[in-house]
Amino acid sequence: MTEVSTLGALAALIVSITLILRKVPPAYGMIIGALVGGIVGGVSLTDTVSLMIGGAQGIVTAVLRILAAGVLAGVLIESGAATTIAETIVKKVGETRALLALAVATMILTAVGVFVDVAVITVAPIALAIARRADLSKMAILLAMVGGGKAGNVMSPNPNAIAAADAFNVPLTSVMAAGVIPGLCGMFVAYFIAQKLVNRGSKVAASEVVEVDMSRLPSFGAAIVAPMVAISLLALRPIAGINIDPLIALPLGGLLGAVAMRRFADTNHFAVSGLNRMAPVAVMLLGTGTLAGIIANSGLKGGLIDLLTSSGLPSYLLAPFSGALMSLATASTTAGTAVASSVFANTILELGVPALAGAAMIHAGATVFDHMPHGSFFHATGGAVHMDMKERLKLIPYESAVGFVIALVSTLIFGVFGLFV
């Protein structure tokens with residue numbers, strides 16, 4: 001099959017980004033981009049479609065596990081468990097360290113299986129109330145939450161981690177554990193930067209504060225059961241050699257969590273809600289698969305390797321660099337991780353980089369630019385704190401700095417020093 005030219009691969013990325021910026025659904029944007037890229041890249045229409053289908057097929061196992069994870073996400077969000085966890089953490093840390101409390105709460109919510117944008121939306125009402133009382137700016141509280149979310153995202157059983165684990169054929173828990181130290185470093189950097197922004201930008205108006213009714217939420221003990229069961233089941237593989245696939249562990253954790261909260265009768269409602277949240281991600285990933293199929297069979301991959309070789313930089317930098325590049329193209333941690341892993345996993349392994357190191361560095365790299373304006377995360381998080389577009393754009397450099405620190409620490413651990421692999 002003819003190789004797609006580098007020009008074709010670049011055309012695929014440019015068309016995809018342009019369409020997504022024009023509010024075309026990301027899946028369609030990437031499918032159209034892949035189709036255009038193949039044709040521009042000198043491949044026949046039939047071969048272009050074959051490359052696209054092959055790329056999508058490579059992502060199907062991750063899609064199945066992501067759909068299964070919807071049960072856990074649905075239970076955490078719809079039952080109020082996520083809100084309980086966030087409220088409890090903020091109270092324990094204390095409002096005197098409000099920004100740290102918000103960062104930690106969002107990090108833990110994301111780390112236990114809540115989508116990063118949903119985690120920010122969940123913590124936002126608490127953040128707005130605290131910001132109003134403590135006279136903190138919206139920029140400060142949003143950066144604290146986004147930083148915590150990015151940190152939790154690299155240590156979570158979320159779709160991005162599943163995509164990296166599948167592509168490199170390593171345990172999901174290993175990918176999650178690999179993100180703990182980089183994630184914590186990123187969270188503390190976000191906290192320190194947020195402290196400098198407390199008087200920058202707009203403040204929270206009284207009309208924007210909505211009090212959370214805690215009387216109807218589950219207890220913290222019951223709320224934490226679902227994620228603890230799911231993570232414990234996944235941890236049996238590295239601890240005891242018992243392999244329980246995420247396809248089983250994640251929904252089972254959700255079901256047992258519903259039992260612990262005495263909400264088992266609502267299980268179907270939770271599952272439907274979770275599926276509705278996961279379905280757009282699953283569809284988007286199939287679109288990313290078509291794009292990955294074109295890029296994986298293009299000269300762009302070889303061009304990046306040649307660039308690294310000629311620059312004298314170490315080969316392991318291909319992992320974080322490709323993760324960052326694809327997150328810039330897709331404005332999504334999940335899509336960025338999935339495309340970079342699908343395209344570069346084999347090459348990274350052939351360069352002698354251990355599988356876990358490659359997965360960890362791509363995953364961390366995908367947090368650097370996942371907040372760009374052509375993605376949903378940018379708009380969902382800005383809307384959660386009632387921030388206007390101009391002010392939301394000003395936060396991008398700080399978010400990128402947090403993502404860069406996560407990627408840098410991961411690269412130091414797994415690339416420079418080669419630890420834990």
# chains A, B, ... in the order shown; residues from 1 in each chain; ligands from 1

$ residues_around --residues "segment 53-61 of chain A" --least-positions-apart "4" --cutoff "7 Å" --atoms "only C-alpha atoms" --output "ChimeraX atom specification"
/A:49,65,286,289-290,292-293

$ write_last_selection --atoms "C-alpha atoms" --output "compact mmCIF listing (two decimals), in the first residue's frame"
# COMPACT_ATOMS: atom_id res chain seq x y z
CA VAL A 49 -10.43 4.33 3.09
CA ARG A 65 -13.32 -0.59 27.79
CA LEU A 286 -13.20 6.05 16.23
CA GLY A 289 -8.51 6.10 14.72
CA THR A 290 -9.12 7.08 11.09
CA ALA A 292 -4.18 7.81 13.18
CA GLY A 293 -4.43 5.35 10.29

$ residues_around --residues "Pro157 of chain A" --least-positions-apart "2" --cutoff "12 Å" --atoms "only C-alpha atoms" --output "number ranges by chain"
A: 62, 65-66, 68-70, 72-73, 108-116, 152-155, 159-165, 171-177, 179, 227-228, 230-235, 245-247, 249-251, 253, 334

$ residues_around --residues "Val71 of chain A" --least-positions-apart "2" --cutoff "10 Å" --atoms "only C-alpha atoms" --output "number ranges by chain"
A: 66-69, 73-76, 250-255, 267-275, 277-278

$ write_last_selection --atoms "N, CA and C atoms" --output "CSV table (one decimal), in the first residue's frame"
chain,number,residue,atom,x,y,z
A,66,ILE,N,-13.8,1.8,27.4
A,66,ILE,CA,-14.3,3.1,27.7
A,66,ILE,C,-15.8,3.1,27.9
A,67,LEU,N,-16.5,2.3,27.1
A,67,LEU,CA,-18.0,2.2,27.2
A,67,LEU,C,-18.3,1.5,28.5
A,68,ALA,N,-17.5,0.5,28.9
A,68,ALA,CA,-17.7,-0.2,30.2
A,68,ALA,C,-17.5,0.8,31.4
A,69,ALA,N,-16.5,1.7,31.2
A,69,ALA,CA,-16.2,2.6,32.3
A,69,ALA,C,-17.4,3.6,32.5
A,73,ALA,N,-18.6,6.0,35.9
A,73,ALA,CA,-18.7,7.4,35.8
A,73,ALA,C,-20.2,7.8,36.1
A,74,GLY,N,-21.1,7.0,35.6
A,74,GLY,CA,-22.5,7.4,35.8
A,74,GLY,C,-22.9,7.3,37.3
A,75,VAL,N,-22.4,6.3,38.0
A,75,VAL,CA,-22.7,6.1,39.4
A,75,VAL,C,-22.1,7.3,40.2
A,76,LEU,N,-20.8,7.6,39.9
A,76,LEU,CA,-20.2,8.7,40.7
A,76,LEU,C,-20.9,10.0,40.5
A,250,LEU,N,-14.1,-1.9,36.1
A,250,LEU,CA,-14.7,-0.5,36.2
A,250,LEU,C,-16.2,-0.6,36.4
A,251,PRO,N,-17.0,-1.3,35.6
A,251,PRO,CA,-18.4,-1.4,35.9
A,251,PRO,C,-18.8,-2.1,37.2
A,252,LEU,N,-18.0,-3.1,37.5
A,252,LEU,CA,-18.3,-3.8,38.8
A,252,LEU,C,-18.1,-2.9,40.0
A,253,GLY,N,-17.1,-2.0,39.9
A,253,GLY,CA,-16.9,-1.0,41.0
A,253,GLY,C,-18.1,-0.1,41.1
A,254,GLY,N,-18.6,0.3,39.9
A,254,GLY,CA,-19.8,1.2,39.9
A,254,GLY,C,-21.0,0.5,40.5
A,255,LEU,N,-21.2,-0.8,40.2
A,255,LEU,CA,-22.4,-1.5,40.7
A,255,LEU,C,-22.3,-1.7,42.2
A,267,THR,N,-29.6,1.6,39.3
A,267,THR,CA,-28.4,1.2,38.5
A,267,THR,C,-28.6,1.5,37.0
A,268,ASN,N,-29.8,1.1,36.5
A,268,ASN,CA,-30.0,1.3,35.1
A,268,ASN,C,-29.9,2.8,34.7
A,269,HIS,N,-30.5,3.6,35.6
A,269,HIS,CA,-30.4,5.1,35.3
A,269,HIS,C,-29.0,5.6,35.3
A,270,PHE,N,-28.2,5.1,36.3
A,270,PHE,CA,-26.7,5.4,36.3
A,270,PHE,C,-26.0,5.0,35.0
A,271,ALA,N,-26.3,3.7,34.6
A,271,ALA,CA,-25.6,3.2,33.5
A,271,ALA,C,-26.0,3.9,32.2
A,272,VAL,N,-27.3,4.3,32.1
A,272,VAL,CA,-27.7,5.0,30.9
A,272,VAL,C,-27.0,6.4,30.8
A,273,SER,N,-27.0,7.0,32.0
A,273,SER,CA,-26.3,8.3,32.1
A,273,SER,C,-24.8,8.2,31.7
A,274,GLY,N,-24.2,7.2,32.3
A,274,GLY,CA,-22.8,7.0,32.0
A,274,GLY,C,-22.5,6.7,30.5
A,275,LEU,N,-23.4,5.9,29.9
A,275,LEU,CA,-23.2,5.6,28.5
A,275,LEU,C,-23.4,6.8,27.7
A,277,ARG,N,-22.6,9.8,28.5
A,277,ARG,CA,-21.4,10.6,28.6
A,277,ARG,C,-20.2,10.0,27.9
A,278,MET,N,-20.2,8.6,27.8
A,278,MET,CA,-19.0,7.9,27.2
A,278,MET,C,-19.2,7.8,25.7

$ closest_residue --among "A:Leu308, A:Ala81, A:Ala260, A:Val170" --to "Arg216 of chain A" --atoms "only C-alpha atoms"
A:Ala81

$ residues_around --residues "Ile17 of chain A" --least-positions-apart "4" --cutoff "7 Å" --atoms "only C-alpha atoms" --output "PyMOL selection string"
chain A and resi 13+21+329-330

$ write_last_selection --atoms "C-alpha atoms" --output "compact mmCIF listing (two decimals), in the first residue's frame"
# COMPACT_ATOMS: atom_id res chain seq x y z
CA LEU A 13 -4.22 17.58 10.72
CA LEU A 21 -12.80 25.12 15.10
CA ALA A 329 -4.13 19.04 17.00
CA THR A 330 -7.15 17.52 18.75

$ residues_around --residues "Gly302 of chain A" --least-positions-apart "3" --cutoff "12 Å" --atoms "only C-alpha atoms" --output "PyMOL selection string"
chain A and resi 3-6+9+295-299+305-309+318+343-344+347-348

$ residues_around --residues "Ala103 of chain A" --least-positions-apart "4" --cutoff "7 Å" --atoms "only C-alpha atoms" --output "PyMOL selection string"
chain A and resi 99+107+144-145+147-148+187+191

$ select_by_dssp --residues "segment 78-280 of chain A" --states "alpha helix (DSSP H)" --output "ChimeraX atom specification"
/A:78,81-93,98-111,116-134,138-153,159-168,172-178,180-196,220-223,225-240,246-260,267-280

$ residues_around --residues "Gly358 of chain A" --least-positions-apart "3" --cutoff "12 Å" --atoms "only C-alpha atoms" --output "PyMOL selection string"
chain A and resi 164-165+167-170+174-175+178+315-323+337+340-342+344-355+361-365+407+410-411+413-415+418+421

$ write_last_selection --atoms "C-alpha atoms" --output "PDB file, in the first residue's frame"
ATOM      1  CA  ALA A 164      -2.259   4.409  26.252  1.00  0.00           C
ATOM      2  CA  ALA A 165      -2.363   1.096  28.134  1.00  0.00           C
ATOM      3  CA  ALA A 167      -1.595   0.701  22.570  1.00  0.00           C
ATOM      4  CA  PHE A 168       1.517  -0.273  24.548  1.00  0.00           C
ATOM      5  CA  ASN A 169       0.006  -3.487  25.981  1.00  0.00           C
ATOM      6  CA  VAL A 170       0.774  -2.594  29.599  1.00  0.00           C
ATOM      7  CA  SER A 174       0.862   0.740  35.697  1.00  0.00           C
ATOM      8  CA  VAL A 175      -0.045   3.692  33.462  1.00  0.00           C
ATOM      9  CA  ALA A 178       3.272   6.253  36.333  1.00  0.00           C
ATOM     10  CA  SER A 315      14.959   9.131  20.929  1.00  0.00           C
ATOM     11  CA  TYR A 316      12.687   8.882  23.982  1.00  0.00           C
ATOM     12  CA  LEU A 317      11.630  12.523  23.427  1.00  0.00           C
ATOM     13  CA  LEU A 318       9.464  11.247  20.571  1.00  0.00           C
ATOM     14  CA  ALA A 319       6.951  10.062  23.192  1.00  0.00           C
ATOM     15  CA  PRO A 320       6.175  13.326  25.055  1.00  0.00           C
ATOM     16  CA  PHE A 321       6.626  15.380  21.887  1.00  0.00           C
ATOM     17  CA  SER A 322       4.122  13.288  19.900  1.00  0.00           C
ATOM     18  CA  GLY A 323       1.639  13.379  22.801  1.00  0.00           C
ATOM     19  CA  THR A 337      -3.096  10.134  23.683  1.00  0.00           C
ATOM     20  CA  ALA A 340      -0.001   9.461  19.422  1.00  0.00           C
ATOM     21  CA  SER A 341      -0.086   5.973  20.956  1.00  0.00           C
ATOM     22  CA  SER A 342      -1.579   4.366  17.854  1.00  0.00           C
ATOM     23  CA  PHE A 344       4.112   5.981  17.467  1.00  0.00           C
ATOM     24  CA  ALA A 345       3.883   3.023  19.899  1.00  0.00           C
ATOM     25  CA  ASN A 346       5.691   0.524  17.656  1.00  0.00           C
ATOM     26  CA  THR A 347       8.327   3.055  16.632  1.00  0.00           C
ATOM     27  CA  ILE A 348       8.989   4.087  20.236  1.00  0.00           C
ATOM     28  CA  LEU A 349       9.363   0.431  21.255  1.00  0.00           C
ATOM     29  CA  GLU A 350      11.722  -0.207  18.308  1.00  0.00           C
ATOM     30  CA  LEU A 351      13.866   2.716  19.482  1.00  0.00           C
ATOM     31  CA  GLY A 352      14.441   0.805  22.718  1.00  0.00           C
ATOM     32  CA  VAL A 353      12.093   2.771  24.967  1.00  0.00           C
ATOM     33  CA  PRO A 354      10.322   0.457  27.476  1.00  0.00           C
ATOM     34  CA  ALA A 355       6.568   0.086  26.938  1.00  0.00           C
ATOM     35  CA  MET A 361       5.427  10.006  28.492  1.00  0.00           C
ATOM     36  CA  ILE A 362       2.850  10.134  25.674  1.00  0.00           C
ATOM     37  CA  HIS A 363       0.081  10.327  28.272  1.00  0.00           C
ATOM     38  CA  ALA A 364       1.835  13.153  30.132  1.00  0.00           C
ATOM     39  CA  GLY A 365       2.653  14.982  26.899  1.00  0.00           C
ATOM     40  CA  ALA A 407       5.321  16.154  30.786  1.00  0.00           C
ATOM     41  CA  SER A 410       7.419  12.280  33.427  1.00  0.00           C
ATOM     42  CA  THR A 411      10.230  12.585  30.861  1.00  0.00           C
ATOM     43  CA  ILE A 413      11.566   9.965  35.473  1.00  0.00           C
ATOM     44  CA  PHE A 414      11.006   7.576  32.558  1.00  0.00           C
ATOM     45  CA  GLY A 415      13.299   8.979  29.859  1.00  0.00           C
ATOM     46  CA  GLY A 418      14.759   5.408  33.301  1.00  0.00           C
ATOM     47  CA  VAL A 421      10.575   0.495  34.136  1.00  0.00           C
TER      48      VAL A 421
END

$ atom_distance --atom1 "atom CA of Val104 of chain A" --atom2 "atom CA of Val405 of chain A"
17.0 Å

$ closest_residue --among "A:Asn158, A:Thr381, A:Asn199, A:Thr46" --to "Thr333 of chain A" --atoms "only C-alpha atoms"
A:Asn158

$ closest_atom_pairs --of "segment 136-242 of chain A" --to "segment 82-94 of chain A" --cutoff "7 Å" --atoms "only C-alpha atoms" --output "JSON lines"
{"residue": "A:Leu217", "atom": "CA", "partner": "A:Thr84", "partner_atom": "CA", "distance": 6.5}
{"residue": "A:Pro218", "atom": "CA", "partner": "A:Thr84", "partner_atom": "CA", "distance": 6.8}
{"residue": "A:Ser219", "atom": "CA", "partner": "A:Thr84", "partner_atom": "CA", "distance": 7.0}
{"residue": "A:Phe220", "atom": "CA", "partner": "A:Thr84", "partner_atom": "CA", "distance": 6.0}
{"residue": "A:Ala223", "atom": "CA", "partner": "A:Ile85", "partner_atom": "CA", "distance": 6.8}

$ atom_distance --atom1 "atom CA of Val198 of chain A" --atom2 "atom CA of Leu102 of chain A"
13.5 Å

$ closest_residue --among "A:Asp117, A:Glu399, A:Glu208, A:Asp166" --to "Ala380 of chain A" --atoms "only C-alpha atoms"
A:Asp117

$ atom_distance --atom1 "atom CA of Tyr28 of chain A" --atom2 "atom CA of Val63 of chain A"
16.8 Å
